[in-house]
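Here is the file work_15.cif (mmCIF, C-alpha atoms and all ligand atoms).
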```
data_my_file
#
loop_
_atom_site.label_atom_id
_atom_site.label_comp_id
_atom_site.auth_asym_id
_atom_site.auth_seq_id
_atom_site.Cartn_x
_atom_site.Cartn_y
_atom_site.Cartn_z
CA MET J 16 -8.66 31.65 5.56
CA SER J 17 -9.75 28.47 7.38
CA ARG J 18 -7.31 26.67 9.67
CA PRO J 19 -4.86 24.22 8.10
CA GLN J 20 -6.04 20.61 7.96
CA GLN J 21 -4.48 18.44 10.65
CA ILE J 22 -2.77 15.39 9.18
CA THR J 23 -1.54 12.23 10.92
CA VAL J 24 1.13 10.35 9.00
CA LEU J 25 1.39 6.71 10.09
CA GLY J 26 4.68 5.28 8.81
CA ALA J 27 6.25 8.73 8.41
CA THR J 28 9.82 7.43 8.12
CA GLY J 29 9.03 5.23 5.12
CA SER J 30 9.04 5.96 1.42
CA ILE J 31 5.36 7.00 1.28
CA GLY J 32 5.61 8.85 4.60
CA LEU J 33 8.51 10.97 3.37
CA SER J 34 6.80 11.74 0.05
CA THR J 35 3.68 12.77 1.98
CA LEU J 36 5.70 15.14 4.19
CA ASP J 37 7.33 16.60 1.08
CA VAL J 38 3.90 17.46 -0.38
CA ILE J 39 2.61 18.77 2.96
CA ALA J 40 5.66 21.05 3.35
CA ARG J 41 4.82 22.68 0.00
CA HIS J 42 1.43 23.82 1.36
CA PRO J 43 1.87 25.10 4.92
CA GLN J 44 -1.32 27.16 4.70
CA ARG J 45 -3.38 24.08 3.82
CA TYR J 46 -1.83 21.30 5.93
CA GLN J 47 -0.24 20.90 9.33
CA VAL J 48 1.32 17.72 10.69
CA PHE J 49 -0.60 16.52 13.73
CA ALA J 50 1.28 13.27 14.38
CA LEU J 51 4.11 11.19 12.95
CA SER J 52 4.95 7.54 13.59
CA GLY J 53 8.15 5.58 13.06
CA PHE J 54 9.20 2.04 13.87
CA SER J 55 12.93 1.67 13.37
CA ARG J 56 14.63 4.77 11.89
CA LEU J 57 14.29 6.82 15.05
CA SER J 58 16.97 9.42 14.42
CA GLU J 59 15.10 10.16 11.17
CA LEU J 60 11.85 10.40 13.11
CA LEU J 61 13.49 12.95 15.42
CA ALA J 62 14.67 14.99 12.41
CA LEU J 63 11.13 14.88 10.96
CA CYS J 64 9.70 16.10 14.27
CA VAL J 65 12.18 18.99 14.31
CA LYS J 66 11.12 19.90 10.78
CA HIS J 67 7.32 19.52 11.18
CA SER J 68 6.71 20.13 14.94
CA PRO J 69 3.90 17.58 15.31
CA ARG J 70 1.75 17.45 18.44
CA PHE J 71 2.49 13.72 18.80
CA ALA J 72 5.12 11.18 17.73
CA VAL J 73 4.54 7.43 18.06
CA VAL J 74 7.25 4.78 18.50
CA PRO J 75 7.05 1.00 19.17
CA GLU J 76 8.53 0.79 22.71
CA ALA J 77 8.63 2.65 26.02
CA VAL J 78 12.44 2.70 26.20
CA VAL J 79 12.70 4.27 22.76
CA ALA J 80 9.90 6.68 23.66
CA ARG J 81 11.83 8.00 26.69
CA THR J 82 14.96 8.65 24.61
CA LEU J 83 12.97 10.38 21.87
CA GLN J 84 11.04 12.44 24.43
CA ASP J 85 14.34 13.64 25.97
CA ASP J 86 15.79 14.49 22.55
CA LEU J 87 12.64 16.40 21.58
CA ARG J 88 12.74 18.40 24.80
CA ALA J 89 16.42 19.18 24.23
CA ALA J 90 15.47 20.44 20.76
CA GLY J 91 12.91 22.78 22.37
CA LEU J 92 9.86 20.89 21.05
CA SER J 93 6.66 20.18 22.96
CA THR J 94 5.85 17.06 20.85
CA ARG J 95 4.49 14.28 23.09
CA VAL J 96 5.70 10.75 22.46
CA LEU J 97 3.17 7.90 22.56
CA VAL J 98 3.84 4.17 22.45
CA GLY J 99 2.79 1.16 20.40
CA GLU J 100 -0.44 0.23 18.69
CA GLU J 101 -2.47 2.10 21.28
CA GLY J 102 -0.56 5.29 20.49
CA LEU J 103 -1.06 4.73 16.75
CA CYS J 104 -4.82 4.25 17.22
CA GLN J 105 -4.98 7.37 19.39
CA VAL J 106 -3.33 9.67 16.81
CA ALA J 107 -5.37 8.06 14.02
CA SER J 108 -8.67 8.85 15.74
CA ASP J 109 -7.98 12.08 17.69
CA PRO J 110 -10.95 14.46 17.28
CA GLU J 111 -8.63 17.20 15.99
CA VAL J 112 -7.36 15.12 13.06
CA ASP J 113 -8.84 15.72 9.59
CA ALA J 114 -6.96 13.14 7.52
CA VAL J 115 -4.80 10.09 8.15
CA MET J 116 -2.11 8.86 5.79
CA ALA J 117 -2.05 5.08 6.37
CA ALA J 118 1.51 4.27 5.25
CA ILE J 119 2.63 1.57 7.68
CA VAL J 120 3.71 -1.49 5.74
CA GLY J 121 1.90 -4.81 6.23
CA ALA J 122 -0.60 -6.24 8.71
CA ALA J 123 0.81 -3.98 11.46
CA GLY J 124 -1.13 -1.10 9.89
CA LEU J 125 -4.58 -2.70 10.09
CA ARG J 126 -5.73 -1.70 13.60
CA PRO J 127 -4.57 1.95 13.41
CA THR J 128 -6.07 2.34 9.93
CA LEU J 129 -9.37 0.88 11.10
CA ALA J 130 -9.29 3.20 14.13
CA ALA J 131 -9.09 6.14 11.69
CA VAL J 132 -11.95 4.69 9.61
CA GLU J 133 -14.15 4.17 12.66
CA ALA J 134 -13.47 7.76 13.75
CA GLY J 135 -14.78 8.91 10.34
CA LYS J 136 -11.48 10.43 9.18
CA LYS J 137 -10.50 11.09 5.61
CA ILE J 138 -8.29 8.06 4.88
CA LEU J 139 -5.37 8.25 2.46
CA LEU J 140 -4.79 4.52 2.00
CA ALA J 141 -1.29 3.36 1.07
CA ASN J 142 -1.33 0.34 3.41
CA LYS J 143 -2.94 -2.04 0.89
CA GLU J 144 -2.30 -5.06 3.14
CA ALA J 145 -4.89 -3.73 5.63
CA LEU J 146 -7.60 -3.73 2.96
CA VAL J 147 -6.50 -7.09 1.50
CA MET J 148 -6.69 -8.75 4.93
CA SER J 149 -10.04 -7.43 6.04
CA GLY J 150 -11.73 -6.04 2.90
CA ALA J 151 -15.36 -6.79 3.81
CA LEU J 152 -15.05 -5.49 7.39
CA PHE J 153 -12.99 -2.51 6.28
CA MET J 154 -15.50 -1.38 3.64
CA GLN J 155 -18.38 -1.99 6.04
CA ALA J 156 -16.66 0.28 8.59
CA VAL J 157 -16.11 2.94 5.89
CA ARG J 158 -19.82 2.91 5.02
CA LYS J 159 -20.86 2.98 8.66
CA SER J 160 -18.67 5.93 9.68
CA GLY J 161 -19.03 7.87 6.40
CA SER J 162 -15.26 8.11 6.21
CA VAL J 163 -13.86 9.28 2.83
CA LEU J 164 -11.50 6.61 1.49
CA LEU J 165 -8.95 7.82 -1.07
CA PRO J 166 -6.51 5.38 -2.66
CA ILE J 167 -2.80 6.28 -2.66
CA ASP J 168 -1.59 3.22 -4.54
CA SER J 169 -0.75 4.80 -7.91
CA GLU J 170 -2.90 2.33 -9.87
CA HIS J 171 -5.94 2.73 -7.65
CA ASN J 172 -5.54 6.46 -7.53
CA ALA J 173 -5.43 6.39 -11.35
CA ILE J 174 -8.58 4.23 -11.50
CA PHE J 175 -10.28 6.57 -9.01
CA GLN J 176 -9.46 9.51 -11.27
CA CYS J 177 -10.80 7.69 -14.37
CA MET J 178 -14.05 6.57 -12.69
CA PRO J 179 -17.20 8.67 -12.65
CA GLN J 180 -17.86 10.35 -9.27
CA ASP J 181 -20.83 8.05 -8.59
CA PHE J 182 -18.95 4.76 -9.17
CA ALA J 183 -20.23 3.49 -5.80
CA ARG J 184 -23.52 2.74 -7.63
CA GLY J 185 -21.71 -0.27 -9.14
CA LEU J 186 -19.52 -0.75 -12.20
CA GLY J 187 -22.43 -1.97 -14.35
CA ALA J 188 -24.62 0.99 -13.39
CA VAL J 189 -21.96 3.51 -14.44
CA GLY J 190 -21.09 1.72 -17.70
CA VAL J 191 -17.69 0.31 -16.75
CA ARG J 192 -16.79 -2.96 -18.47
CA ARG J 193 -13.49 -3.65 -16.73
CA ILE J 194 -10.54 -2.18 -14.92
CA LEU J 195 -7.11 -2.47 -16.52
CA LEU J 196 -4.51 -2.62 -13.78
CA THR J 197 -1.04 -1.81 -15.10
CA ALA J 198 2.15 -3.40 -13.79
CA SER J 199 5.77 -2.65 -14.66
CA GLY J 200 6.75 -6.32 -14.49
CA GLY J 201 9.53 -5.35 -12.05
CA PRO J 202 13.24 -6.11 -12.30
CA PHE J 203 12.78 -9.78 -13.30
CA ARG J 204 10.41 -9.34 -16.22
CA GLN J 205 13.02 -10.64 -18.65
CA THR J 206 15.46 -12.48 -16.39
CA PRO J 207 16.03 -16.06 -17.67
CA MET J 208 13.85 -18.36 -15.49
CA ALA J 209 16.86 -20.50 -14.50
CA GLU J 210 18.54 -17.44 -12.94
CA LEU J 211 15.59 -16.60 -10.67
CA ALA J 212 16.76 -19.10 -8.03
CA HIS J 213 19.91 -17.04 -7.55
CA VAL J 214 18.65 -13.46 -7.54
CA THR J 215 19.56 -11.42 -4.45
CA PRO J 216 17.41 -9.13 -2.28
CA GLU J 217 19.39 -6.18 -3.69
CA GLN J 218 18.46 -7.19 -7.25
CA ALA J 219 14.82 -7.67 -6.22
CA CYS J 220 14.75 -4.22 -4.58
CA ALA J 221 16.27 -2.48 -7.60
CA HIS J 222 12.96 -1.55 -9.20
CA PRO J 223 13.33 -0.14 -12.72
CA ASN J 224 10.89 2.78 -12.26
CA TRP J 225 9.88 3.28 -8.63
CA SER J 226 11.81 3.89 -5.42
CA MET J 227 9.93 2.14 -2.59
CA GLY J 228 10.31 0.31 0.73
CA ARG J 229 11.96 -3.12 0.63
CA LYS J 230 8.85 -5.26 1.23
CA ILE J 231 6.80 -3.71 -1.57
CA SER J 232 9.87 -3.79 -3.84
CA VAL J 233 10.10 -7.59 -3.45
CA ASP J 234 6.33 -7.81 -3.95
CA SER J 235 6.75 -5.87 -7.19
CA ALA J 236 9.50 -8.23 -8.35
CA SER J 237 7.30 -11.29 -7.68
CA MET J 238 4.15 -9.49 -8.87
CA MET J 239 2.50 -10.35 -5.55
CA ASN J 240 2.14 -6.59 -5.37
CA LYS J 241 -0.14 -6.73 -8.42
CA GLY J 242 -2.01 -9.63 -6.84
CA LEU J 243 -2.59 -7.63 -3.66
CA GLU J 244 -3.62 -4.68 -5.83
CA LEU J 245 -6.11 -6.86 -7.70
CA ILE J 246 -7.78 -7.67 -4.36
CA GLU J 247 -7.50 -4.01 -3.32
CA ALA J 248 -9.23 -2.90 -6.55
CA CYS J 249 -12.07 -5.38 -6.01
CA TRP J 250 -12.82 -3.84 -2.61
CA LEU J 251 -12.33 -0.19 -3.53
CA PHE J 252 -14.41 -0.32 -6.71
CA ASP J 253 -16.76 -3.19 -5.88
CA ALA J 254 -15.43 -5.27 -8.79
CA LYS J 255 -15.29 -9.02 -9.31
CA PRO J 256 -11.76 -10.44 -9.81
CA ALA J 257 -12.72 -11.30 -13.40
CA GLN J 258 -13.44 -7.59 -14.05
CA VAL J 259 -9.84 -6.66 -13.28
CA GLU J 260 -7.26 -7.40 -15.95
CA VAL J 261 -3.53 -7.08 -15.29
CA VAL J 262 -1.54 -5.48 -18.11
CA ILE J 263 2.26 -5.32 -18.09
CA HIS J 264 3.38 -1.85 -19.11
CA PRO J 265 7.13 -1.58 -18.52
CA GLN J 266 7.42 2.23 -18.70
CA SER J 267 5.06 2.89 -15.71
CA VAL J 268 3.67 6.01 -17.35
CA ILE J 269 0.04 4.88 -17.57
CA HIS J 270 -0.89 4.12 -13.97
CA SER J 271 -4.09 2.20 -14.87
CA LEU J 272 -7.16 2.43 -17.11
CA VAL J 273 -10.94 2.11 -17.01
CA ASP J 274 -12.70 0.45 -19.96
CA TYR J 275 -16.30 1.64 -20.58
CA ILE J 276 -19.04 -0.24 -22.48
CA ASP J 277 -19.11 2.40 -25.24
CA GLY J 278 -15.49 1.51 -26.11
CA SER J 279 -13.94 4.51 -24.35
CA VAL J 280 -10.88 3.70 -22.32
CA LEU J 281 -9.76 6.37 -19.85
CA ALA J 282 -6.21 6.34 -18.54
CA GLN J 283 -4.27 8.40 -16.04
CA LEU J 284 -0.67 9.16 -16.97
CA GLY J 285 2.17 10.76 -15.08
CA ASN J 286 5.79 10.41 -14.10
CA PRO J 287 6.29 7.51 -11.68
CA ASP J 288 6.44 9.61 -8.50
CA MET J 289 4.12 8.87 -5.57
CA ARG J 290 3.77 12.57 -4.78
CA THR J 291 1.18 12.76 -7.60
CA PRO J 292 -1.35 10.33 -6.06
CA ILE J 293 -0.54 11.69 -2.59
CA ALA J 294 -1.24 15.30 -3.65
CA ASN J 295 -4.35 14.14 -5.53
CA ALA J 296 -5.77 12.43 -2.45
CA LEU J 297 -4.71 15.15 0.02
CA ALA J 298 -6.42 17.91 -1.95
CA TRP J 299 -9.30 15.93 -3.50
CA PRO J 300 -11.53 17.15 -5.10
CA GLU J 301 -9.19 20.09 -5.66
CA ARG J 302 -5.73 19.96 -7.29
CA ILE J 303 -2.46 21.18 -5.80
CA ASP J 304 1.18 21.28 -6.87
CA SER J 305 2.96 18.03 -5.93
CA GLY J 306 6.49 18.96 -6.96
CA VAL J 307 6.40 16.31 -9.71
CA ALA J 308 7.92 17.34 -13.05
CA PRO J 309 5.53 17.61 -16.03
CA LEU J 310 5.30 14.50 -18.19
CA ASP J 311 7.50 14.70 -21.29
CA LEU J 312 5.77 12.51 -23.89
CA PHE J 313 8.45 13.20 -26.50
CA ALA J 314 11.15 11.87 -24.16
CA ILE J 315 9.03 8.77 -23.43
CA ALA J 316 8.26 8.32 -27.16
CA ARG J 317 6.59 4.90 -26.83
CA LEU J 318 4.41 2.88 -24.49
CA ASP J 319 4.49 -0.95 -24.50
CA PHE J 320 2.00 -3.51 -23.22
CA GLN J 321 2.11 -7.28 -22.73
CA ALA J 322 0.11 -9.97 -20.96
CA PRO J 323 1.55 -11.28 -17.65
CA ASP J 324 3.05 -14.77 -17.64
CA GLU J 325 1.80 -16.68 -14.59
CA THR J 326 4.57 -19.30 -14.91
CA ARG J 327 7.11 -16.55 -14.41
CA PHE J 328 4.93 -14.87 -11.78
CA PRO J 329 3.17 -17.64 -9.78
CA CYS J 330 2.35 -15.15 -6.99
CA LEU J 331 -0.05 -13.41 -9.33
CA ARG J 332 -1.90 -16.70 -9.89
CA LEU J 333 -2.00 -17.41 -6.15
CA ALA J 334 -3.38 -13.95 -5.41
CA ARG J 335 -6.07 -14.29 -8.09
CA GLN J 336 -7.08 -17.64 -6.57
CA ALA J 337 -7.26 -16.04 -3.10
CA ALA J 338 -9.32 -13.18 -4.53
CA GLU J 339 -11.79 -15.68 -6.05
CA ALA J 340 -11.92 -17.74 -2.84
CA GLY J 341 -12.53 -14.67 -0.64
CA ASP J 342 -13.22 -14.92 3.12
CA SER J 343 -10.01 -15.83 4.99
CA ALA J 344 -7.95 -16.60 1.85
CA PRO J 345 -6.60 -13.05 1.19
CA ALA J 346 -5.54 -12.62 4.85
CA MET J 347 -3.70 -15.96 4.70
CA LEU J 348 -2.10 -15.07 1.36
CA ASN J 349 -0.93 -11.74 2.76
CA ALA J 350 0.47 -13.16 6.00
CA ALA J 351 2.29 -16.04 4.26
CA ASN J 352 3.74 -13.52 1.84
CA GLU J 353 4.91 -11.23 4.66
CA VAL J 354 6.76 -14.13 6.32
CA ALA J 355 8.23 -15.38 3.03
CA VAL J 356 9.38 -11.92 1.91
CA ALA J 357 10.99 -11.17 5.29
CA ALA J 358 12.84 -14.51 5.06
CA PHE J 359 13.95 -13.71 1.50
CA LEU J 360 15.19 -10.26 2.58
CA ASP J 361 17.14 -11.97 5.42
CA GLY J 362 18.77 -14.35 2.94
CA ARG J 363 16.99 -17.41 4.37
CA VAL J 364 14.94 -18.39 1.32
CA ARG J 365 15.49 -18.19 -2.40
CA TYR J 366 13.27 -15.96 -4.51
CA PRO J 367 11.19 -18.79 -6.15
CA GLU J 368 10.54 -20.22 -2.68
CA ILE J 369 8.42 -17.17 -1.79
CA ALA J 370 5.68 -18.58 -4.05
CA SER J 371 6.27 -22.16 -2.81
CA ILE J 372 5.72 -21.08 0.81
CA ILE J 373 2.52 -19.19 0.01
CA GLU J 374 1.15 -22.02 -2.15
CA GLU J 375 1.77 -24.57 0.60
CA VAL J 376 0.17 -22.39 3.30
CA LEU J 377 -2.94 -21.75 1.19
CA GLY J 378 -3.25 -25.46 0.41
CA LEU J 379 -3.06 -26.51 4.08
CA GLU J 380 -5.91 -24.48 5.53
CA PRO J 381 -9.56 -24.48 4.50
CA VAL J 382 -11.04 -21.07 3.70
CA VAL J 383 -13.28 -19.89 6.54
CA ALA J 384 -15.66 -16.95 6.95
CA VAL J 385 -14.19 -13.84 8.60
CA ASN J 386 -17.01 -11.99 10.29
CA ASP J 387 -14.95 -10.00 12.75
CA LEU J 388 -11.45 -8.65 13.23
CA GLU J 389 -10.55 -11.49 15.55
CA ALA J 390 -11.20 -13.99 12.75
CA VAL J 391 -8.97 -11.95 10.42
CA PHE J 392 -6.11 -12.00 12.92
CA THR J 393 -6.67 -15.73 13.57
CA ALA J 394 -6.28 -16.43 9.84
CA ASP J 395 -3.23 -14.16 9.74
CA ALA J 396 -1.65 -15.94 12.73
CA LYS J 397 -2.37 -19.41 11.30
CA ALA J 398 -0.69 -18.52 8.04
CA ARG J 399 2.35 -17.17 9.90
CA VAL J 400 2.65 -20.42 11.90
CA LEU J 401 2.36 -22.54 8.75
CA ALA J 402 4.90 -20.42 6.87
CA GLY J 403 7.19 -20.72 9.91
CA GLN J 404 6.78 -24.50 9.77
CA TRP J 405 7.86 -24.48 6.11
CA LEU J 406 10.97 -22.53 7.12
CA SER J 407 11.91 -24.85 10.00
CA ARG J 408 11.20 -27.99 7.93
CA HIS J 409 13.64 -26.67 5.33
CA GLY J 410 16.22 -25.77 7.98
CA ARG J 411 15.91 -22.01 7.54
P1 LIG M 1 8.62 1.54 3.97
O1 LIG M 1 9.21 0.25 4.41
O2 LIG M 1 9.50 2.53 3.27
O3 LIG M 1 7.96 2.27 5.23
C1 LIG M 1 7.14 1.58 6.13
C2 LIG M 1 6.77 2.45 7.31
O4 LIG M 1 6.05 1.63 8.24
C3 LIG M 1 7.96 3.02 8.08
O5 LIG M 1 7.66 4.29 8.59
C4 LIG M 1 8.15 2.03 9.23
O6 LIG M 1 8.77 2.64 10.35
C5 LIG M 1 6.72 1.65 9.52
N1 LIG M 1 6.59 0.30 10.10
C6 LIG M 1 7.17 -0.85 9.66
N2 LIG M 1 6.80 -1.88 10.43
C7 LIG M 1 5.99 -1.39 11.39
C8 LIG M 1 5.29 -1.97 12.49
N3 LIG M 1 5.37 -3.28 12.77
N4 LIG M 1 4.53 -1.16 13.26
C9 LIG M 1 4.44 0.17 13.02
N5 LIG M 1 5.08 0.77 11.98
C10 LIG M 1 5.84 0.00 11.17
O7 LIG M 1 7.35 1.17 3.06
P2 LIG M 1 6.65 2.06 1.92
O8 LIG M 1 7.27 1.75 0.62
O9 LIG M 1 6.56 3.47 2.35
O10 LIG M 1 5.20 1.40 1.90
C11 LIG M 1 4.23 1.70 2.90
C12 LIG M 1 2.89 1.14 2.46
O11 LIG M 1 2.49 1.83 1.28
C13 LIG M 1 2.92 -0.35 2.12
O12 LIG M 1 1.71 -0.93 2.50
C14 LIG M 1 3.04 -0.35 0.61
O13 LIG M 1 2.46 -1.49 0.02
C15 LIG M 1 2.25 0.90 0.24
N6 LIG M 1 2.64 1.50 -1.04
C16 LIG M 1 3.90 1.99 -1.21
C17 LIG M 1 4.27 2.55 -2.42
C18 LIG M 1 5.64 3.16 -2.63
O14 LIG M 1 5.88 3.74 -3.68
N7 LIG M 1 6.55 3.09 -1.68
C19 LIG M 1 3.35 2.59 -3.47
C20 LIG M 1 2.07 2.06 -3.26
C21 LIG M 1 1.73 1.53 -2.04
MG MG M 2 0.86 0.24 -6.82
#
```
Any chance you could put this one into structure tokens?
Ligand code: NAD
Ligand code: MG
Amino acid sequence: MSRPQQITVLGATGSIGLSTLDVIARHPQRYQVFALSGFSRLSELLALCVKHSPRFAVVPEAVVARTLQDDLRAAGLSTRVLVGEEGLCQVASDPEVDAVMAAIVGAAGLRPTLAAVEAGKKILLANKEALVMSGALFMQAVRKSGSVLLPIDSEHNAIFQCMPQDFARGLGAVGVRRILLTASGGPFRQTPMAELAHVTPEQACAHPNWSMGRKISVDSASMMNKGLELIEACWLFDAKPAQVEVVIHPQSVIHSLVDYIDGSVLAQLGNPDMRTPIANALAWPERIDSGVAPLDLFAIARLDFQAPDETRFPCLRLARQAAEAGDSAPAMLNAANEVAVAAFLDGRVRYPEIASIIEEVLGLEPVVAVNDLEAVFTADAKARVLAGQWLSRHGR
């Protein structure tokens, strides 16, 4: 039997990271953990290292690295600890690595994910923000290096499974009319509008169907997550924003659909558990056990659909506008959203103000071309400054 594939898990201590390690641990003959990274939950990172014996672990700072290195030695492990973005890029591009799970949340994941792309790795992409920020450059780098890009986002993984293998020829060429991107509608789908100003971070993070990190949970509540996913779908499947329709489907059983010109609509269904898309991408084009229970259609009994209401979910409108505008607009949208969501999670802004901050930031800056990574990070930084100005002007 061939040697196990070497996997780097960026963002190993997060929700996607842990689900990835769960799937990997079910298939020790197929996969071995090469490197793990963590940012804040460092005792958990140590426990993961003890369990998976990676060659490398990556942490944000030198002080933390020394402590972790001592603890690893005391545990009898030869895992080497690396530091910061440089360490992340190193374990993402190491010649021994076969696949990289990009599961850092937010803009912080862009450089390491791109390092993996440029090194021609198989990319398991959970970090949607990286693609949203730098879509054109990212896809160009994928084409240049010949890297295999597999979507982990459940919707995009579903679309990938419903597309013909040769979808890269273009949606028109393969007979696809449109992509139907499903959304649960989150915890505030039916909350009276007047109450939205008083919802708490805990309520926003209590997603009805999925258990996820706090940032993406707030994005799901505001439907900015669906907006980011709309942009993500445009890049992954070379679609125009108008070819992607958002459909609210509260049960989260259909993870998305592809509508063909002959009237066929293909859907991917499954229990809402990220181990399914993770296992699908890890083993693609083969199939492996993910540990997810079989779908019980009789227990589900019915599936509902409704159109999204952009008055209730202004972030979805803002994201669609940014998708249409292109260039620097998605990077600015993403950065303003990251600042606004962090402030909401800290209790400094009210939930409806997340959209107000993003709308103001997008209105203040003209859209400019982004021809290199520096321009992407300049747009990102500008949006963070402008969002910060909103916060200080409002005394937050
Ligand atoms: P999470 O908050 O649970 O985990 C985030 C991970 O990133 C952690 O390991 C954390 O230590 C690390 N991290 C945070 N900030 C960092 C920084 N500045 N530098 C380096 N590392 C940092 O988030 P999650 O829910 O696992 O989501 C991860 C990514 O996957 C996000 O981009 C999210 O949109 C995407 N995603 C998640 C889900 C889900 O079900 N959780 C589904 C689809 C897509
Ligand atoms: Mg998703």
Per residue of chain J within 7 Å of ligand MG 2 (chain M), which atom pair is closest and at what distance in Å (one decimal), using only C-alpha atoms and all ligand atoms, listed by chain and increasing number, as CSV?
```
residue,atom,partner,partner_atom,distance
J:Asp168,CA,M:MG2,MG,4.5
J:Ser169,CA,M:MG2,MG,5.0
J:Glu170,CA,M:MG2,MG,5.3
J:Glu244,CA,M:MG2,MG,6.7
```
Within 7 Å of Val96 in chain J, counting only C-alpha atoms, which residues show up once you throw out same-chain ones fewer than 4 positions away? Write them as a PDB file with C-alpha atoms, in the frame of the given file, please.
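Final output, saved to out_22.pdb:
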```
ATOM      1  CA  PHE J  71       2.490  13.720  18.800  1.00  0.00           C
ATOM      2  CA  ALA J  72       5.120  11.180  17.730  1.00  0.00           C
ATOM      3  CA  VAL J  73       4.540   7.430  18.060  1.00  0.00           C
ATOM      4  CA  ALA J  80       9.900   6.680  23.660  1.00  0.00           C
ATOM      5  CA  GLN J  84      11.040  12.440  24.430  1.00  0.00           C
TER       6      GLN J  84
END
```
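Between Asp311 in chain J and the candidates J:Leu284, J:Leu360, J:Leu60, J:Met239, the tightest atom-to-atom separation, counting only C-alpha atoms, involves J:Leu284.
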At a cut-off of 8 Å, can you tabulate as a Markdown table every residue of chain J near ligand LIG 1 (chain M) together with its closest atom pair and the distance in Å to one decimal, using all atoms listed in the file and ordering rows by chain then number?
```
| residue | atom | partner | partner_atom | distance |
| --- | --- | --- | --- | --- |
| J:Leu25 | CA | M:LIG1 | O5 | 6.9 |
| J:Gly26 | CA | M:LIG1 | O5 | 3.1 |
| J:Ala27 | CA | M:LIG1 | O5 | 4.7 |
| J:Thr28 | CA | M:LIG1 | O5 | 3.8 |
| J:Gly29 | CA | M:LIG1 | O3 | 3.1 |
| J:Ser30 | CA | M:LIG1 | O9 | 3.6 |
| J:Ile31 | CA | M:LIG1 | O9 | 3.9 |
| J:Gly32 | CA | M:LIG1 | O9 | 5.9 |
| J:Leu33 | CA | M:LIG1 | O9 | 7.8 |
| J:Ser52 | CA | M:LIG1 | O5 | 6.6 |
| J:Gly53 | CA | M:LIG1 | O6 | 4.0 |
| J:Phe54 | CA | M:LIG1 | O6 | 3.6 |
| J:Ser55 | CA | M:LIG1 | O6 | 5.2 |
| J:Arg56 | CA | M:LIG1 | O6 | 6.4 |
| J:Val74 | CA | M:LIG1 | C9 | 7.7 |
| J:Pro75 | CA | M:LIG1 | C9 | 6.7 |
| J:Gly99 | CA | M:LIG1 | C9 | 7.6 |
| J:Glu100 | CA | M:LIG1 | C9 | 7.5 |
| J:Ala117 | CA | M:LIG1 | C12 | 7.4 |
| J:Ala118 | CA | M:LIG1 | C12 | 4.4 |
| J:Ile119 | CA | M:LIG1 | O4 | 3.5 |
| J:Val120 | CA | M:LIG1 | O12 | 3.8 |
| J:Gly121 | CA | M:LIG1 | O12 | 5.4 |
| J:Ala122 | CA | M:LIG1 | N3 | 7.8 |
| J:Ala123 | CA | M:LIG1 | N3 | 4.8 |
| J:Gly124 | CA | M:LIG1 | C9 | 6.5 |
| J:Leu140 | CA | M:LIG1 | O11 | 7.8 |
| J:Ala141 | CA | M:LIG1 | O11 | 4.1 |
| J:Asn142 | CA | M:LIG1 | O12 | 3.4 |
| J:Lys143 | CA | M:LIG1 | O12 | 5.0 |
| J:Glu144 | CA | M:LIG1 | O12 | 5.8 |
| J:Ala145 | CA | M:LIG1 | O12 | 7.8 |
| J:Ile167 | CA | M:LIG1 | C20 | 6.5 |
| J:Asp168 | CA | M:LIG1 | C20 | 4.0 |
| J:Ser169 | CA | M:LIG1 | C20 | 6.1 |
| J:Trp225 | CA | M:LIG1 | O14 | 6.4 |
| J:Ser226 | CA | M:LIG1 | O14 | 6.2 |
| J:Met227 | CA | M:LIG1 | N7 | 3.6 |
| J:Gly228 | CA | M:LIG1 | O8 | 3.4 |
| J:Arg229 | CA | M:LIG1 | O1 | 5.8 |
| J:Lys230 | CA | M:LIG1 | O1 | 6.4 |
| J:Ile231 | CA | M:LIG1 | O13 | 5.1 |
| J:Ser232 | CA | M:LIG1 | O8 | 7.6 |
| J:Asn240 | CA | M:LIG1 | O13 | 7.4 |
| J:Asp288 | CA | M:LIG1 | O14 | 7.6 |
| J:Met289 | CA | M:LIG1 | O14 | 5.7 |
```
>> Just want the 6 Å neighbourhood of range 335-346 of chain J, counted on all atoms listed in the file, with same-chain residues fewer than 3 positions away dropped. Output as a PyMOL selection string.
In response: chain J and resi 147-148+246+332+349+382-385+395
>> So, with only C-alpha atoms as the atoms that count, which of J:Leu348, J:Phe175, J:Ser371, J:Gly200 lies closest to Ala396 in chain J?
In response: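 Ranking J:Leu348, J:Phe175, J:Ser371, J:Gly200 by distance to Ala396 in chain J, first place goes to J:Leu348.
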>> Rounded to one decimal, what separation in Å do you get between CA of Ser279 in chain J and CA of Ala334 in chain J?
In response: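 These two atoms are separated by 28.5 Å.
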> J:Gly285, J:Gly403, J:Pro329, J:Pro166: which is nearest Ala351 in chain J, counting only C-alpha atoms?
Replying inline: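 Looking only at the distances to Ala351 in chain J, the closest residue turns out to be J:Gly403.
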>> So the first atom is CA of Ala107 in chain J and the second is CA of Val163 in chain J; what is the distance between them in Å, to one decimal place?
In response: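 Computed distance, CA of Ala107 in chain J to CA of Val163 in chain J, equals 14.1 Å.
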>> Which residues are close to range 205-218 of chain J, i.e. within 6 Å by only C-alpha atoms, leaving aside same-chain residues fewer than 4 positions away? Reply as number ranges by chain.
In response: J: 360, 365-367
>> Show me, as a list in words, the residues that have an atom within 9 Å of Glu380 in chain J when counting all atoms listed in the file, minus same-chain residues fewer than 5 positions from it.
In response: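 Returned residues: Ala344, Met347, Lys397 and Ala398 of chain J.
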Generate a file of the selected residues that holds C-alpha atoms, formatted as a CSV table (one decimal), in the coordinates of the input.
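Final output, saved to again-v4.csv:
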```
chain,number,residue,atom,x,y,z
J,344,ALA,CA,-8.0,-16.6,1.8
J,347,MET,CA,-3.7,-16.0,4.7
J,397,LYS,CA,-2.4,-19.4,11.3
J,398,ALA,CA,-0.7,-18.5,8.0
```
